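So this one's data_26.cif, mmCIF, C-alpha atoms and all ligand atoms:
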```
data_target
#
loop_
_atom_site.label_atom_id
_atom_site.label_comp_id
_atom_site.auth_asym_id
_atom_site.auth_seq_id
_atom_site.Cartn_x
_atom_site.Cartn_y
_atom_site.Cartn_z
CA MET A 1 7.68 -52.86 27.97
CA GLU A 2 4.30 -53.18 26.30
CA THR A 3 2.89 -49.78 25.32
CA LYS A 4 -0.88 -49.47 25.42
CA VAL A 5 -2.26 -47.13 22.74
CA ILE A 6 -5.71 -45.68 23.37
CA ARG A 7 -7.82 -43.24 21.41
CA VAL A 8 -9.57 -40.39 23.28
CA ASP A 9 -11.80 -37.91 21.50
CA GLU A 10 -11.39 -34.32 22.76
CA GLU A 11 -15.09 -33.66 22.28
CA ASN A 12 -16.25 -36.79 24.06
CA ILE A 13 -13.66 -37.71 26.66
CA ASP A 14 -13.81 -41.23 28.06
CA LEU A 15 -13.18 -40.53 31.74
CA GLN A 16 -12.63 -44.19 32.51
CA LEU A 17 -9.66 -44.29 30.16
CA ILE A 18 -8.34 -40.98 31.50
CA ALA A 19 -8.56 -42.34 35.07
CA GLU A 20 -6.49 -45.33 33.96
CA ALA A 21 -3.90 -43.04 32.36
CA GLY A 22 -3.85 -40.80 35.45
CA ALA A 23 -3.22 -43.81 37.67
CA ILE A 24 -0.22 -44.82 35.57
CA ILE A 25 1.35 -41.39 36.15
CA ARG A 26 0.50 -41.38 39.87
CA GLU A 27 2.24 -44.73 40.19
CA GLY A 28 5.39 -43.40 38.54
CA GLY A 29 4.76 -44.49 34.94
CA LEU A 30 4.81 -42.54 31.67
CA VAL A 31 1.91 -41.53 29.41
CA ALA A 32 2.25 -39.64 26.12
CA PHE A 33 -0.70 -37.34 25.48
CA PRO A 34 -1.98 -34.76 23.02
CA THR A 35 -1.75 -31.01 23.63
CA GLU A 36 -2.58 -28.08 21.35
CA THR A 37 1.14 -27.49 20.64
CA VAL A 38 2.70 -30.95 20.14
CA TYR A 39 2.37 -34.32 21.91
CA GLY A 40 3.91 -34.46 25.40
CA LEU A 41 5.53 -37.33 27.30
CA GLY A 42 4.09 -37.08 30.82
CA GLY A 43 5.25 -38.26 34.21
CA ASP A 44 4.65 -37.11 37.79
CA ALA A 45 6.55 -33.80 38.02
CA LEU A 46 6.98 -34.11 41.79
CA ASN A 47 8.50 -37.60 41.57
CA ALA A 48 12.23 -37.54 40.82
CA ALA A 49 12.18 -41.13 39.56
CA SER A 50 9.44 -40.31 37.03
CA SER A 51 11.47 -37.46 35.61
CA GLY A 52 14.44 -39.79 35.39
CA LYS A 53 12.32 -42.20 33.34
CA ILE A 54 11.31 -39.39 30.95
CA TYR A 55 14.95 -38.57 30.16
CA ALA A 56 15.70 -42.26 29.66
CA ALA A 57 12.70 -42.88 27.37
CA LYS A 58 13.59 -39.91 25.14
CA GLY A 59 17.35 -40.28 25.32
CA ARG A 60 17.29 -36.66 26.49
CA PRO A 61 20.35 -35.09 28.14
CA SER A 62 19.54 -34.73 31.84
CA ASP A 63 20.55 -31.05 31.93
CA ASN A 64 17.60 -30.20 29.68
CA PRO A 65 14.73 -29.34 32.06
CA LEU A 66 11.12 -30.46 31.68
CA ILE A 67 8.04 -28.25 31.54
CA VAL A 68 5.54 -28.85 34.36
CA HIS A 69 1.95 -28.90 33.14
CA ILE A 70 -0.92 -27.79 35.38
CA ALA A 71 -4.66 -27.62 34.79
CA ASP A 72 -5.67 -24.93 37.26
CA MET A 73 -4.16 -21.59 38.32
CA LYS A 74 -4.73 -22.61 41.96
CA MET A 75 -2.09 -25.31 41.56
CA LEU A 76 0.69 -22.87 40.62
CA GLY A 77 1.47 -21.56 44.13
CA LYS A 78 2.69 -24.90 45.46
CA ILE A 79 5.52 -25.36 42.94
CA VAL A 80 6.91 -21.80 42.70
CA MET A 81 8.47 -19.41 45.24
CA GLU A 82 6.20 -16.57 44.25
CA VAL A 83 3.85 -15.62 41.44
CA PRO A 84 4.86 -12.24 40.04
CA GLU A 85 2.19 -9.79 38.87
CA ALA A 86 3.23 -10.33 35.24
CA ALA A 87 2.33 -14.02 35.53
CA TYR A 88 -1.24 -13.21 36.50
CA LYS A 89 -1.53 -10.81 33.58
CA LEU A 90 -0.12 -13.34 31.11
CA ALA A 91 -2.23 -16.15 32.53
CA GLU A 92 -5.36 -14.10 32.19
CA ARG A 93 -4.81 -13.68 28.46
CA TYR A 94 -2.91 -16.76 27.36
CA TRP A 95 -3.60 -19.59 29.80
CA PRO A 96 -4.73 -22.17 29.10
CA GLY A 97 -2.66 -22.04 25.94
CA PRO A 98 0.74 -22.30 24.22
CA LEU A 99 2.73 -20.24 26.74
CA THR A 100 5.30 -21.50 29.26
CA MET A 101 6.41 -19.25 32.13
CA ILE A 102 9.56 -19.69 34.20
CA PHE A 103 9.52 -19.08 37.96
CA ASN A 104 11.83 -19.66 40.90
CA LYS A 105 10.98 -23.17 42.00
CA ALA A 106 9.65 -24.32 45.35
CA GLU A 107 11.35 -27.06 47.36
CA CYS A 108 8.85 -29.75 46.37
CA VAL A 109 9.94 -29.73 42.71
CA PRO A 110 12.80 -32.22 42.39
CA ALA A 111 16.06 -31.18 40.75
CA GLN A 112 15.57 -34.00 38.21
CA THR A 113 12.48 -32.26 36.85
CA THR A 114 14.29 -28.94 36.37
CA GLY A 115 17.58 -30.31 35.08
CA GLY A 116 19.27 -29.09 38.24
CA LEU A 117 18.07 -25.49 37.84
CA ALA A 118 16.60 -23.42 40.68
CA THR A 119 13.81 -22.36 38.33
CA VAL A 120 10.81 -24.27 37.02
CA ALA A 121 8.95 -23.94 33.70
CA VAL A 122 5.15 -24.15 33.95
CA ARG A 123 2.43 -24.34 31.31
CA MET A 124 -1.33 -24.79 31.35
CA PRO A 125 -2.38 -26.48 28.10
CA SER A 126 -5.79 -25.82 26.55
CA HIS A 127 -6.29 -29.28 25.03
CA LYS A 128 -9.18 -30.89 26.92
CA VAL A 129 -7.59 -34.34 26.98
CA ALA A 130 -4.41 -32.86 28.47
CA LYS A 131 -6.42 -31.00 31.11
CA ALA A 132 -8.36 -34.12 32.09
CA LEU A 133 -5.17 -36.18 32.27
CA ILE A 134 -3.32 -33.63 34.42
CA GLU A 135 -6.23 -33.59 36.87
CA ALA A 136 -6.42 -37.38 36.96
CA ALA A 137 -2.64 -37.59 37.50
CA GLY A 138 -2.64 -35.42 40.61
CA GLY A 139 -2.16 -31.96 39.13
CA TYR A 140 1.51 -31.76 38.11
CA VAL A 141 2.65 -33.48 34.94
CA ALA A 142 6.23 -33.00 33.72
CA ALA A 143 6.19 -33.31 29.96
CA PRO A 144 8.72 -32.59 27.25
CA SER A 145 7.77 -33.22 23.64
CA ALA A 146 7.06 -36.93 23.07
CA ASN A 147 9.80 -37.58 20.51
CA LEU A 148 13.18 -39.25 20.75
CA SER A 149 15.74 -36.56 21.53
CA GLY A 150 16.89 -34.81 18.36
CA ARG A 151 13.89 -35.75 16.22
CA PRO A 152 11.13 -33.32 15.24
CA SER A 153 8.41 -32.88 17.89
CA PRO A 154 5.42 -35.16 17.19
CA THR A 155 2.27 -33.51 15.89
CA ALA A 156 0.28 -36.78 15.68
CA ALA A 157 0.13 -39.99 17.71
CA LYS A 158 1.61 -42.07 14.89
CA TYR A 159 4.91 -40.19 15.28
CA VAL A 160 4.87 -40.78 19.05
CA ILE A 161 4.36 -44.48 18.37
CA GLU A 162 7.20 -44.40 15.84
CA ASP A 163 9.59 -42.93 18.45
CA LEU A 164 8.39 -44.28 21.81
CA ASP A 165 6.56 -47.59 21.29
CA GLY A 166 7.96 -50.02 23.87
CA ARG A 167 9.54 -47.19 25.90
CA VAL A 168 6.45 -45.78 27.68
CA ASP A 169 3.41 -47.26 29.43
CA MET A 170 0.67 -45.60 27.41
CA ILE A 171 0.13 -43.35 24.39
CA ILE A 172 -3.13 -41.39 24.13
CA ASP A 173 -4.09 -40.67 20.53
CA GLY A 174 -6.09 -37.44 20.45
CA GLY A 175 -5.73 -36.59 16.77
CA GLU A 176 -3.53 -33.97 15.14
CA ALA A 177 -2.02 -31.09 17.09
CA ASP A 178 -3.70 -27.78 16.35
CA ILE A 179 -0.64 -25.55 16.51
CA GLY A 180 2.21 -27.88 15.64
CA LEU A 181 5.05 -25.88 17.26
CA GLU A 182 6.12 -26.00 20.89
CA SER A 183 5.05 -23.31 23.37
CA THR A 184 6.57 -19.85 23.68
CA ILE A 185 8.83 -19.78 26.77
CA ILE A 186 9.10 -16.59 28.83
CA ASP A 187 11.37 -16.24 31.85
CA LEU A 188 9.82 -14.15 34.62
CA THR A 189 12.67 -14.47 37.11
CA GLY A 190 14.81 -11.57 35.86
CA LYS A 191 14.27 -7.80 35.94
CA THR A 192 12.71 -7.73 32.49
CA PRO A 193 10.70 -10.72 31.25
CA MET A 194 12.68 -12.54 28.57
CA ILE A 195 11.56 -14.79 25.70
CA LEU A 196 13.74 -17.91 25.69
CA ARG A 197 11.92 -19.70 22.86
CA PRO A 198 9.63 -18.07 20.29
CA GLY A 199 6.28 -19.74 19.72
CA TYR A 200 2.65 -19.21 18.83
CA VAL A 201 2.26 -16.48 21.48
CA THR A 202 4.35 -13.76 19.85
CA GLU A 203 6.46 -10.99 21.36
CA GLU A 204 3.79 -8.49 20.37
CA MET A 205 1.09 -10.49 22.17
CA LEU A 206 3.25 -10.73 25.31
CA GLU A 207 3.95 -7.00 25.26
CA LYS A 208 0.23 -6.30 25.05
CA ALA A 209 -0.19 -8.02 28.39
CA ILE A 210 2.89 -6.93 30.34
CA GLY A 211 4.74 -4.19 28.44
CA SER A 212 8.30 -4.44 27.25
CA VAL A 213 9.93 -7.89 27.01
CA ASP A 214 13.45 -8.92 25.90
CA THR A 215 14.40 -11.86 23.71
CA ASP A 216 17.34 -14.17 24.40
CA ARG A 217 19.26 -13.23 21.24
CA THR A 218 21.43 -16.34 21.40
CA ILE A 219 18.49 -18.37 20.09
CA LEU A 220 18.37 -16.58 16.72
CA ASP A 221 21.98 -15.54 16.36
CA VAL A 222 24.01 -18.04 14.35
CA ASP A 223 27.38 -16.92 15.67
CA SER A 224 26.54 -16.56 19.31
CA LYS A 225 29.15 -18.15 21.55
CA GLN A 226 26.91 -17.77 24.57
CA ALA A 227 24.78 -20.63 25.84
CA PRO A 228 21.07 -20.00 25.39
CA LYS A 229 19.15 -19.49 28.62
CA ALA A 230 16.76 -22.35 27.88
CA PRO A 231 19.21 -25.27 28.05
CA GLY A 232 17.27 -27.22 25.42
CA MET A 233 17.86 -24.56 22.78
CA LYS A 234 21.55 -25.41 22.52
CA TYR A 235 20.95 -28.88 21.16
CA ARG A 236 20.56 -29.55 17.45
CA HIS A 237 16.90 -30.36 17.32
CA TYR A 238 14.30 -31.30 14.81
CA ALA A 239 17.07 -32.37 12.51
CA PRO A 240 16.05 -34.47 9.53
CA LYS A 241 18.54 -37.15 8.55
CA GLY A 242 19.25 -35.42 5.24
CA ASN A 243 21.32 -32.26 4.99
CA LEU A 244 18.99 -29.25 5.19
CA VAL A 245 19.88 -25.80 3.83
CA LEU A 246 17.67 -22.69 4.01
CA VAL A 247 17.67 -20.22 1.15
CA GLU A 248 16.74 -16.60 1.69
CA GLY A 249 15.93 -14.12 -1.08
CA ALA A 250 13.26 -13.05 -3.59
CA ALA A 251 11.00 -15.94 -4.62
CA ALA A 252 12.06 -16.25 -8.28
CA GLN A 253 15.77 -16.20 -7.39
CA VAL A 254 15.25 -18.72 -4.62
CA VAL A 255 13.53 -21.18 -6.97
CA ALA A 256 16.24 -20.75 -9.61
CA TYR A 257 19.06 -21.12 -7.11
CA ILE A 258 17.56 -24.20 -5.47
CA ASN A 259 16.95 -25.86 -8.85
CA GLU A 260 20.58 -25.28 -9.79
CA GLN A 261 21.77 -26.87 -6.55
CA LEU A 262 19.33 -29.76 -6.94
CA ALA A 263 20.56 -30.48 -10.46
CA TRP A 264 24.12 -30.74 -9.18
CA HIS A 265 23.19 -33.04 -6.29
CA LYS A 266 21.06 -35.19 -8.58
CA SER A 267 23.93 -35.56 -11.02
CA ARG A 268 25.88 -37.07 -8.13
CA GLY A 269 23.09 -39.54 -7.41
CA ALA A 270 21.63 -37.95 -4.26
CA LYS A 271 17.93 -38.15 -3.44
CA THR A 272 16.71 -34.54 -3.27
CA GLY A 273 13.88 -32.68 -1.58
CA VAL A 274 12.43 -29.19 -1.25
CA ILE A 275 10.35 -27.52 1.45
CA ALA A 276 8.31 -25.23 -0.79
CA THR A 277 5.15 -23.15 -0.54
CA ASP A 278 1.94 -23.48 -2.56
CA GLU A 279 3.05 -20.52 -4.67
CA THR A 280 6.36 -22.09 -5.73
CA ALA A 281 5.98 -25.88 -5.44
CA ASP A 282 5.35 -26.42 -9.17
CA GLY A 283 8.58 -24.67 -10.08
CA TYR A 284 10.97 -27.17 -8.52
CA HIS A 285 12.66 -30.25 -9.97
CA ALA A 286 13.34 -32.58 -7.04
CA ASP A 287 12.54 -36.15 -6.01
CA CYS A 288 10.31 -34.96 -3.15
CA ILE A 289 8.65 -31.57 -3.18
CA LYS A 290 6.59 -30.76 -0.12
CA SER A 291 4.59 -27.59 0.32
CA VAL A 292 4.10 -26.28 3.84
CA GLY A 293 1.09 -24.29 2.61
CA LYS A 294 0.37 -20.78 1.46
CA ARG A 295 3.18 -18.36 2.29
CA GLU A 296 0.78 -16.00 4.06
CA ASP A 297 -0.85 -18.73 6.16
CA GLU A 298 1.64 -19.02 9.00
CA ASP A 299 -0.71 -21.11 11.12
CA GLN A 300 -0.80 -23.76 8.44
CA ILE A 301 2.97 -23.64 7.97
CA ALA A 302 3.46 -24.10 11.73
CA ARG A 303 1.05 -27.04 11.75
CA GLN A 304 2.78 -28.87 8.89
CA LEU A 305 6.47 -28.19 9.41
CA PHE A 306 7.43 -31.02 11.79
CA ARG A 307 5.37 -33.58 9.89
CA ILE A 308 7.15 -32.65 6.68
CA LEU A 309 10.59 -32.89 8.29
CA ARG A 310 9.69 -36.42 9.41
CA GLU A 311 8.39 -37.38 5.97
CA PHE A 312 11.73 -36.52 4.39
CA ASP A 313 13.29 -39.05 6.77
CA ASP A 314 10.71 -41.70 5.84
CA GLU A 315 11.52 -41.14 2.18
CA GLU A 316 15.27 -41.18 2.87
CA VAL A 317 15.91 -37.84 1.22
CA GLN A 318 19.59 -36.94 1.44
CA VAL A 319 19.70 -33.29 0.41
CA ILE A 320 16.91 -30.87 1.35
CA TYR A 321 16.52 -27.21 0.45
CA ALA A 322 13.94 -25.01 2.18
CA GLU A 323 12.54 -21.59 1.45
CA SER A 324 12.75 -19.04 4.29
CA PHE A 325 9.91 -17.21 5.95
CA LYS A 326 9.50 -13.74 7.34
CA SER A 327 10.67 -13.59 10.89
CA GLN A 328 7.89 -11.67 12.56
CA GLY A 329 4.98 -13.01 14.56
CA VAL A 330 4.56 -16.77 14.30
CA GLY A 331 7.12 -16.62 11.49
CA GLU A 332 9.79 -16.03 14.12
CA ALA A 333 8.99 -19.39 15.72
CA ILE A 334 8.86 -21.10 12.32
CA MET A 335 12.27 -19.69 11.34
CA ASN A 336 13.72 -20.56 14.75
CA ARG A 337 12.75 -24.23 14.29
CA LEU A 338 13.89 -24.32 10.65
CA LEU A 339 17.24 -22.73 11.47
CA LYS A 340 17.80 -25.32 14.18
CA ALA A 341 16.78 -28.14 11.87
CA ALA A 342 19.28 -26.81 9.32
CA GLY A 343 22.04 -26.49 11.88
CA HIS A 344 22.00 -22.80 10.83
CA GLN A 345 23.04 -23.46 7.22
CA VAL A 346 21.57 -20.52 5.32
CA GLU A 347 22.27 -19.18 1.82
CA HIS A 348 21.45 -15.48 1.50
CA LEU A 349 20.85 -14.57 -2.13
CA PRO A 350 21.51 -10.98 -3.21
CA ASP A 351 18.22 -9.09 -3.57
CA THR A 352 17.91 -8.25 -7.24
CA GLU A 353 14.22 -7.42 -7.43
P1 LIG B 401 10.28 -29.44 25.30
O1 LIG B 401 9.26 -29.68 26.35
O2 LIG B 401 10.81 -30.67 24.67
O3 LIG B 401 9.78 -28.43 24.34
O4 LIG B 401 11.51 -28.79 26.05
C1 LIG B 401 11.32 -27.84 27.07
C2 LIG B 401 12.14 -26.62 26.82
O5 LIG B 401 11.97 -25.77 27.95
C3 LIG B 401 13.62 -26.89 26.69
O6 LIG B 401 14.18 -26.06 25.68
C4 LIG B 401 14.13 -26.50 28.07
O7 LIG B 401 15.49 -26.14 28.04
C5 LIG B 401 13.22 -25.35 28.44
N1 LIG B 401 13.11 -25.18 29.88
C6 LIG B 401 12.44 -25.97 30.74
N2 LIG B 401 12.60 -25.54 32.03
C7 LIG B 401 13.38 -24.45 31.96
C8 LIG B 401 13.93 -23.57 32.95
N3 LIG B 401 13.68 -23.73 34.25
N4 LIG B 401 14.71 -22.56 32.52
C9 LIG B 401 14.98 -22.39 31.21
N5 LIG B 401 14.49 -23.20 30.23
C10 LIG B 401 13.71 -24.21 30.60
MG MG B 402 11.32 -31.14 22.65
#
```
Step by step, read the file and then write its structure as C-alpha cells.
Amino acid sequence: METKVIRVDEENIDLQLIAEAGAIIREGGLVAFPTETVYGLGGDALNAASSGKIYAAKGRPSDNPLIVHIADMKMLGKIVMEVPEAAYKLAERYWPGPLTMIFNKAECVPAQTTGGLATVAVRMPSHKVAKALIEAAGGYVAAPSANLSGRPSPTAAKYVIEDLDGRVDMIIDGGEADIGLESTIIDLTGKTPMILRPGYVTEEMLEKAIGSVDTDRTILDVDSKQAPKAPGMKYRHYAPKGNLVLVEGAAAQVVAYINEQLAWHKSRGAKTGVIATDETADGYHADCIKSVGKREDEDQIARQLFRILREFDDEEVQVIYAESFKSQGVGEAIMNRLLKAAGHQVEHLPDTE
C-alpha cells in the first residue's frame, strides 16, 4: 500500500487535509497522527475491521487493547456503561491531556477494539491536530502508539515512517511530541481507582483530584508472577536491539562501574553505548554516549528517551548501559519505560557515599 505523508502545522491547521484524513478513517482506513504524548495509529474505534487492521499493521498481539480517543466530553457517554463521579473530576483537571481512563464498555464498542475485555480505555488528547482529526473521523478513534510492536513509541513522524511506511494509508507529520511518554492509565472500574501505567499525570496529581488511588504493583515489581492489569504491560516493549542494563547508585560509582563494564565489552569487540545525563556524559568511555538531559529536568528526559533508544538501534550498538532516575513523579514513568526496555536488568551498586 502507498502511504501518503502530509505535514500539518498545529498552529495553522489545514482543514482540507484533515477532512481527507478523517474520510480515510471513516471508510475503514488507518491514519497515524501526532498527539502530545507520542504518535498514534488511528482507525475507527467502532469498526471491528479497522481495529483488526491496526493490530495487523503494528504486528500487535490481539489481546492488547487499544485506547479510544475522543475530542469532546459529550462523546464519552455513548461508549461506556456509566461515567463515575471520579471521571468527571479527573476530566475537569486533566482532559484534554495525557490521561487515559478505563470504564465498563458499552455494547457499541467492538471486542476487537478492547482486546476482548469488557472494559474500554478512553483518552482525550490535547494536541490540536489530534482533536481536529478525531472530529473529522466521526468522534471515536482507536489508536495505540504508531510503532511496530516491541519498538520504542514514536516521538516524531520520521520514526512512524520508519516503522509503518507501506502499512498504513496516511501519516500526518505534526512535529515532535511534547511529552514523549505514553499517557498515564487509570482504571475506574474497581472500588479504588488504580494506576495501570505511570505517565506524565502522576499519582500525586491524580490524588489531588479524586483522593486515594492504588497502583498496579506488578508493573514495577521485577519478580511479580501476576499478569499486569493493562495487558500491554506484560510485553517486552521499547526494547533496543542491543542489550540494555540499568545501573543504580551514587553518580561517581555509577560512572566508574559502567566504565569498567564498557572496557570489558570493548575488549571483546562489542560496540558500546551509554544513556547518560548532562552532568556525567563527559566521564564515560563508550562508542556512543547519549545524554537524556539534565538530571533534574524530568520533562526533557521524558521527551528524549524513546528517540535515544531508537538511535542506539540506528547505530547498531550492542551493549548499552543506562543511569537510573528517581522514581517519583514523572521519574516513575521514566523508570517504568527504562526497566521494560532493559527487560528488568538492573545492577544495584552499594551506596558508599
Ligand atoms: P498504547 O496505546 O500502545 O500505549 O497501548 C495501550 C495500553 O493501554 C496497553 O498497555 C493496553 O494494555 C492498555 N489498555 C487499553 N485498554 C485497556 C483496558 N480496557 N484495560 C486495561 N488496559 C488497557
Ligand atoms: Mg504502544
Using only C-alpha atoms and all ligand atoms, which residues have at least one atom no more than 7 Å from ligand MG 402 (chain B)? Output them as a ChimeraX atom specification. /A:144-145,147,153
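With all atoms listed in the file as the atoms that count, the minimum distance from ligand LIG 401 (chain B) to the choices A:Gly242, A:Gly232, A:Gly283, A:Gly59 is reached by A:Gly232.
Surrounding residues of (-10.3, -39.6, 22.7) at most 10 Å away are A:Ile6, A:Arg7, A:Val8, A:Asp9, A:Glu10, A:Glu11, A:Asn12, A:Ile13, A:Asp14, A:Leu15, A:Leu17, A:Ile18, A:Pro34, A:Lys128, A:Val129, A:Ile172, A:Asp173, A:Gly174, A:Gly175 (based on all atoms listed in the file).
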Prev. selection, C-alpha atoms, output as a compact mmCIF listing (two decimals), in the frame of the given file:
```
# COMPACT_ATOMS: atom_id res chain seq x y z
CA ILE A 6 -5.71 -45.68 23.37
CA ARG A 7 -7.82 -43.24 21.41
CA VAL A 8 -9.57 -40.39 23.28
CA ASP A 9 -11.80 -37.91 21.50
CA GLU A 10 -11.39 -34.32 22.76
CA GLU A 11 -15.09 -33.66 22.28
CA ASN A 12 -16.25 -36.79 24.06
CA ILE A 13 -13.66 -37.71 26.66
CA ASP A 14 -13.81 -41.23 28.06
CA LEU A 15 -13.18 -40.53 31.74
CA LEU A 17 -9.66 -44.29 30.16
CA ILE A 18 -8.34 -40.98 31.50
CA PRO A 34 -1.98 -34.76 23.02
CA LYS A 128 -9.18 -30.89 26.92
CA VAL A 129 -7.59 -34.34 26.98
CA ILE A 172 -3.13 -41.39 24.13
CA ASP A 173 -4.09 -40.67 20.53
CA GLY A 174 -6.09 -37.44 20.45
CA GLY A 175 -5.73 -36.59 16.77
```
Please identify all protein, DNA and RNA residues within 6 Å of ligand LIG 401 (chain B), counting all atoms listed in the file, and report them as a PDB file with C-alpha atoms, in the frame of the given file.
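As a result, pocket_31.pdb now contains:
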```pdb
ATOM      1  CA  ASN A  64      17.600 -30.200  29.680  1.00  0.00           C
ATOM      2  CA  PRO A  65      14.730 -29.340  32.060  1.00  0.00           C
ATOM      3  CA  LEU A  66      11.120 -30.460  31.680  1.00  0.00           C
ATOM      4  CA  ILE A  67       8.040 -28.250  31.540  1.00  0.00           C
ATOM      5  CA  ILE A 102       9.560 -19.690  34.200  1.00  0.00           C
ATOM      6  CA  THR A 114      14.290 -28.940  36.370  1.00  0.00           C
ATOM      7  CA  LEU A 117      18.070 -25.490  37.840  1.00  0.00           C
ATOM      8  CA  THR A 119      13.810 -22.360  38.330  1.00  0.00           C
ATOM      9  CA  VAL A 120      10.810 -24.270  37.020  1.00  0.00           C
ATOM     10  CA  ALA A 121       8.950 -23.940  33.700  1.00  0.00           C
ATOM     11  CA  ALA A 143       6.190 -33.310  29.960  1.00  0.00           C
ATOM     12  CA  PRO A 144       8.720 -32.590  27.250  1.00  0.00           C
ATOM     13  CA  SER A 145       7.770 -33.220  23.640  1.00  0.00           C
ATOM     14  CA  GLU A 182       6.120 -26.000  20.890  1.00  0.00           C
ATOM     15  CA  LYS A 229      19.150 -19.490  28.620  1.00  0.00           C
ATOM     16  CA  ALA A 230      16.760 -22.350  27.880  1.00  0.00           C
ATOM     17  CA  PRO A 231      19.210 -25.270  28.050  1.00  0.00           C
ATOM     18  CA  GLY A 232      17.270 -27.220  25.420  1.00  0.00           C
ATOM     19  CA  MET A 233      17.860 -24.560  22.780  1.00  0.00           C
TER      20      MET A 233
END
```
Let me make sure I understand: among A:Ser62, A:Gln112, A:Thr3, A:Thr155, which one has the smallest atom-to-atom distance to Thr37 of chain A if we use all atoms listed in the file? A:Thr155
Could you pull the residues within 8 Å of Val317 of chain A, counting only C-alpha atoms, minus those fewer than 2 positions along the same chain, as number ranges by chain? A: 241-242, 270-273, 288, 312-315, 319-320
Restricting to all atoms listed in the file, whichever of A:Leu164, A:Ala86, A:Ser126, A:Asn104 is closest to Glu207 of chain A is A:Ala86
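Nearest to Pro152 of chain A of all the residues A:Ala136, A:Ala342, A:Leu349, A:Met73 is A:Ala342, based on all atoms listed in the file.
With all atoms listed in the file as the atoms that count, the minimum distance from Ala156 of chain A to the choices A:Leu76, A:Ala286, A:Ala19, A:Ala177 is reached by A:Ala177.
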Any idea what's packed within 12 Å of Ala87 of chain A, counting all atoms listed in the file, ignoring anything in its chain fewer than 2 positions away? Could you give it as a ChimeraX atom specification? /A:73,76-77,80,82-85,89-95,99-103,122-123,186-189,193,206,209-210
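The two atoms in question, atom CA of Tyr321 of chain A and atom CA of Ala157 of chain A, are spaced 27.0 Å apart.
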Atomic distance atom CA of Glu296 of chain A - atom CA of Ile195 of chain A, expressed in Å with one decimal: 24.2 Å
Across A:Lys326, A:His348, A:Arg303, A:Arg295, the smallest distance to Tyr200 of chain A, with all atoms listed in the file counted, is shown by A:Arg303
Could segment 132-136 of chain A be completed with all heavy atoms and returned as a tab-separated table (two decimals), in the coordinates of the input?
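out.tsv, freshly written:
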```
chain	number	residue	atom	x	y	z
A	132	ALA	N	-7.76	-33.00	31.35
A	132	ALA	CA	-8.36	-34.12	32.09
A	132	ALA	C	-7.27	-35.05	32.64
A	132	ALA	O	-7.33	-35.50	33.79
A	132	ALA	CB	-9.31	-34.90	31.18
A	133	LEU	N	-6.25	-35.29	31.82
A	133	LEU	CA	-5.17	-36.18	32.27
A	133	LEU	C	-4.40	-35.58	33.44
A	133	LEU	O	-4.10	-36.26	34.42
A	133	LEU	CB	-4.21	-36.48	31.10
A	133	LEU	CG	-2.99	-37.31	31.50
A	133	LEU	CD1	-3.39	-38.74	31.88
A	133	LEU	CD2	-1.95	-37.34	30.40
A	134	ILE	N	-4.08	-34.29	33.35
A	134	ILE	CA	-3.32	-33.63	34.42
A	134	ILE	C	-4.10	-33.73	35.73
A	134	ILE	O	-3.55	-34.06	36.78
A	134	ILE	CB	-3.03	-32.15	34.06
A	134	ILE	CG1	-2.11	-32.07	32.84
A	134	ILE	CG2	-2.42	-31.41	35.25
A	134	ILE	CD1	-2.10	-30.71	32.14
A	135	GLU	N	-5.40	-33.50	35.66
A	135	GLU	CA	-6.23	-33.59	36.87
A	135	GLU	C	-6.22	-35.02	37.42
A	135	GLU	O	-6.03	-35.24	38.62
A	135	GLU	CB	-7.66	-33.13	36.58
A	135	GLU	CG	-7.73	-31.60	36.52
A	135	GLU	CD	-9.02	-31.08	35.89
A	135	GLU	OE1	-9.83	-31.90	35.38
A	135	GLU	OE2	-9.19	-29.84	35.90
A	136	ALA	N	-6.37	-35.98	36.52
A	136	ALA	CA	-6.42	-37.38	36.96
A	136	ALA	C	-5.07	-37.85	37.51
A	136	ALA	O	-5.00	-38.80	38.29
A	136	ALA	CB	-6.84	-38.28	35.79
```
